[in-house]
Each structure stands twice: as C-alpha cells, then as structure tokens.
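Note sheet for the following structure.
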Amino acid sequence: MEAEQIQEEVGALAAHLQRIGIRWLPKPQPESVAKLSAEIVGAVEELPASSPDLSSAPPASPTVPAGPPSTTSRSEEPRNRPPSVRPANRLASVASVEVSKESYPGASLSSDDRSSALQQLQLEVAECTRCETLSSCRKTTVFGEGASSPRFVFFGEGPGADEDRTGRPFVGRAGQLLTKMIEACTLKREQVYIFNTVKCRPPGNRNPEPDELANCRPYYQSQFNILRPEYIVCLGSVSAQELLQSRLSVGRLRGTFHQYHDSKVLVTYHPAYLLRNPAAKKAAWQDLQLMLRDAGIDIKR
Ligand code: URA
C-alpha cells in the first residue's frame, strides 16, 4: 500500500470516528494523521519480503446479501450501522467531493449527549413563533426523528398535513415512499435521521418562503451540528438549494457529491415528485446507489 493511500485512509478513519462521537480521539489534525500514518508505513516497510499477500484476503465484514434485510439480523447490528462497510471502497470516491468546507463547529458529542441536545432543541422548536403565519396555522411542530448518531440523514422540505397532525416527518404518502427508498438501501428508518428545512407546515402545502427558511435555519443547522452525519440526502430542490445555498435545479445538482461541513451531500428527487413522476424513480435509485457505493454498502440487484 502506498504511503499516500495509508495517510488518506487513516485521515478518513479518524474523521469518521470523530464524526460518530468517539470522544477520546484527538481532532484529526494533519500532523497527527501524518505521524500515525508514518508509523504505519514504517511498520509495513519492516515486514519481511516473504509476507503473504494480504490484498486477496476476504473483507473483514460480510457483504449484504441481495434482497430485503432480515429483521432479526438487523436488530443485532451495532448501533445505527449497516453491516457491510468497506472503507477502501468508500475512500475511492472521496476525490469526487466538490468543495471542501470547514468542519462542524465545536466538539462532537457522545450519543447520550446528542439525544439530550436534540430533546432540548425540540422543546425550543415547539415554542417557536418566529414565523407568524406558520406558527399560527400549525397543529404541531415537526422536529425530526431517528438515530442520534446516524451515518445517513434524509433532509426534506417541510411537513404536510399528515406530518402536521402527527408531529412526525414523512409519514404521509411521500413518507411511505421514502421509507421504501431507505429500505431499498438495506437500512431501516430507525437507523437514519429524517427532518425538514422548516418545522411547521406551510399552509396549502406551498413552498416555504425565504424568510421562513431563514427563521428555521438555526434549528436545522443545530440539528446537523449535533448529528454530524457522514451523508446527507437532500430530497428535492427546496432542501438542496437551502442547504447548499444554490439556485441550481435538482437535475443539475444530482449525480455528484457536494459538501456541508464534514458531511457528503447527495441531492435527489423528492418522493412526492417521484409519486407524480414515476419515470424519475430510476434516476433517484441511481443517486442512492452512488451513495451506497461510496459508503461501501453492497447492493446486488
Ligand atoms: N414532505 C416533506 O418534505 N417533508 C415531510 O415531512 C413530508 C412531506
């Protein structure tokens, strides 16, 4: 293995561990990554020439079999992690990330602290009256739900009527399709986190206004900062344009990774759009497959 490749992999592993809340790790500074990888390179170079070729060794973790996930084996999975993660594959496409942005501010929290921070923020959101119209029309706020240390988050536009009634994101028809999309990725809803740009239903299901997005921005930014996911899936143009501060269409933004702090951002079609335009489902599945390949999750279909 080349020294440069080792350095890249050590850096990515350190960043990943920190992102999921392993707090005993120092922040992966370039110098400590370089020092650690130099030690590994040194150790590799000291191996006798007759060392067996490890490149053909089977992967440490099994690959995901084709077909739907088994409920029993899934529940035995370690916290929020899909079973087949192959770091070497994951690193292969790091270079395709467009823009490198600053890391998430502050320290990464432990899983328990993340849950408490989210609960506290949820209470704050429930009292919010920043948007006169939205706060007076809503039945309830829809904060978001899911794992507190997710590898993947799904970021939608705003609650609809079903979400407004239940207080849960993506539970209506579009939500049912989103659940199917998540399951097609061999994940369960509980393993990911799902939330929206705005926490209150825009009346008549209109798009959120720019001032409403701005009012809710600190809330979703705090959620991302707590969650620090590896991947963010923006569902539709509203969430994509808001998160990436772009005016480009989904058609222009999809097909590549963008960056939001330490997270890779994938843009795809909103499930409500897919319900109206089933022909676009193929493209949405291609988008998810791009992410799964990058994440080292093997989907044989
Ligand atoms: N559409 C969204 O964008 N979010 C939801 O929570 C439901 C439908």
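Going by the structure tokens order, chains are called A, B, ..., each with residues numbered from 1, while ligands are numbered from 1 in the order shown.
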(Q) Within 7 Å of ligand 1 (counting only C-alpha atoms and all ligand atoms), which residues show up? I'd like them as a ChimeraX atom specification. (A) /A:156-160,163,169-172,174-175,195-196,272
Q: Would you mind listing what lies within 8 Å of Pro105 in chain A as a list in words, with only C-alpha atoms counted and same-chain residues fewer than 2 positions away left out?
A: Ser103, Ala107 and Asn225 of chain A
Q: Can you work out the spacing between CA of Gln259 in chain A and CA of Lys101 in chain A in Å, to one decimal?
A: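 For CA of Gln259 in chain A relative to CA of Lys101 in chain A, the distance reads 6.6 Å.
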**Q.** Residue among A:Gln289, A:Ser108, A:Asn205, A:Thr141 lying closest to Thr166 in chain A, counting only C-alpha atoms
**A.**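 Smallest distance to Thr166 in chain A is found for A:Thr141.
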Q) If you run DSSP on the backbone, which residues of range 126-253 of chain A are helix (DSSP H, G or I), as a ChimeraX atom specification? A) /A:126,132-137,161-166,173-184,189-191,203-205,210-227,237-244,250-253
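Non-sequential neighbours of Glu190 in chain A (distance at most 10 Å, separation of 4 or more positions within a chain, only C-alpha atoms) are Asn80, Glu145, Gly146, Ala147, Ser148, Pro150 and Ile194 of chain A.
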Q. In Å, how far is it from CA of Ser246 in chain A to CA of Leu213 in chain A?
A.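 If I compute the distance from CA of Ser246 in chain A to CA of Leu213 in chain A, I get 13.7 Å.
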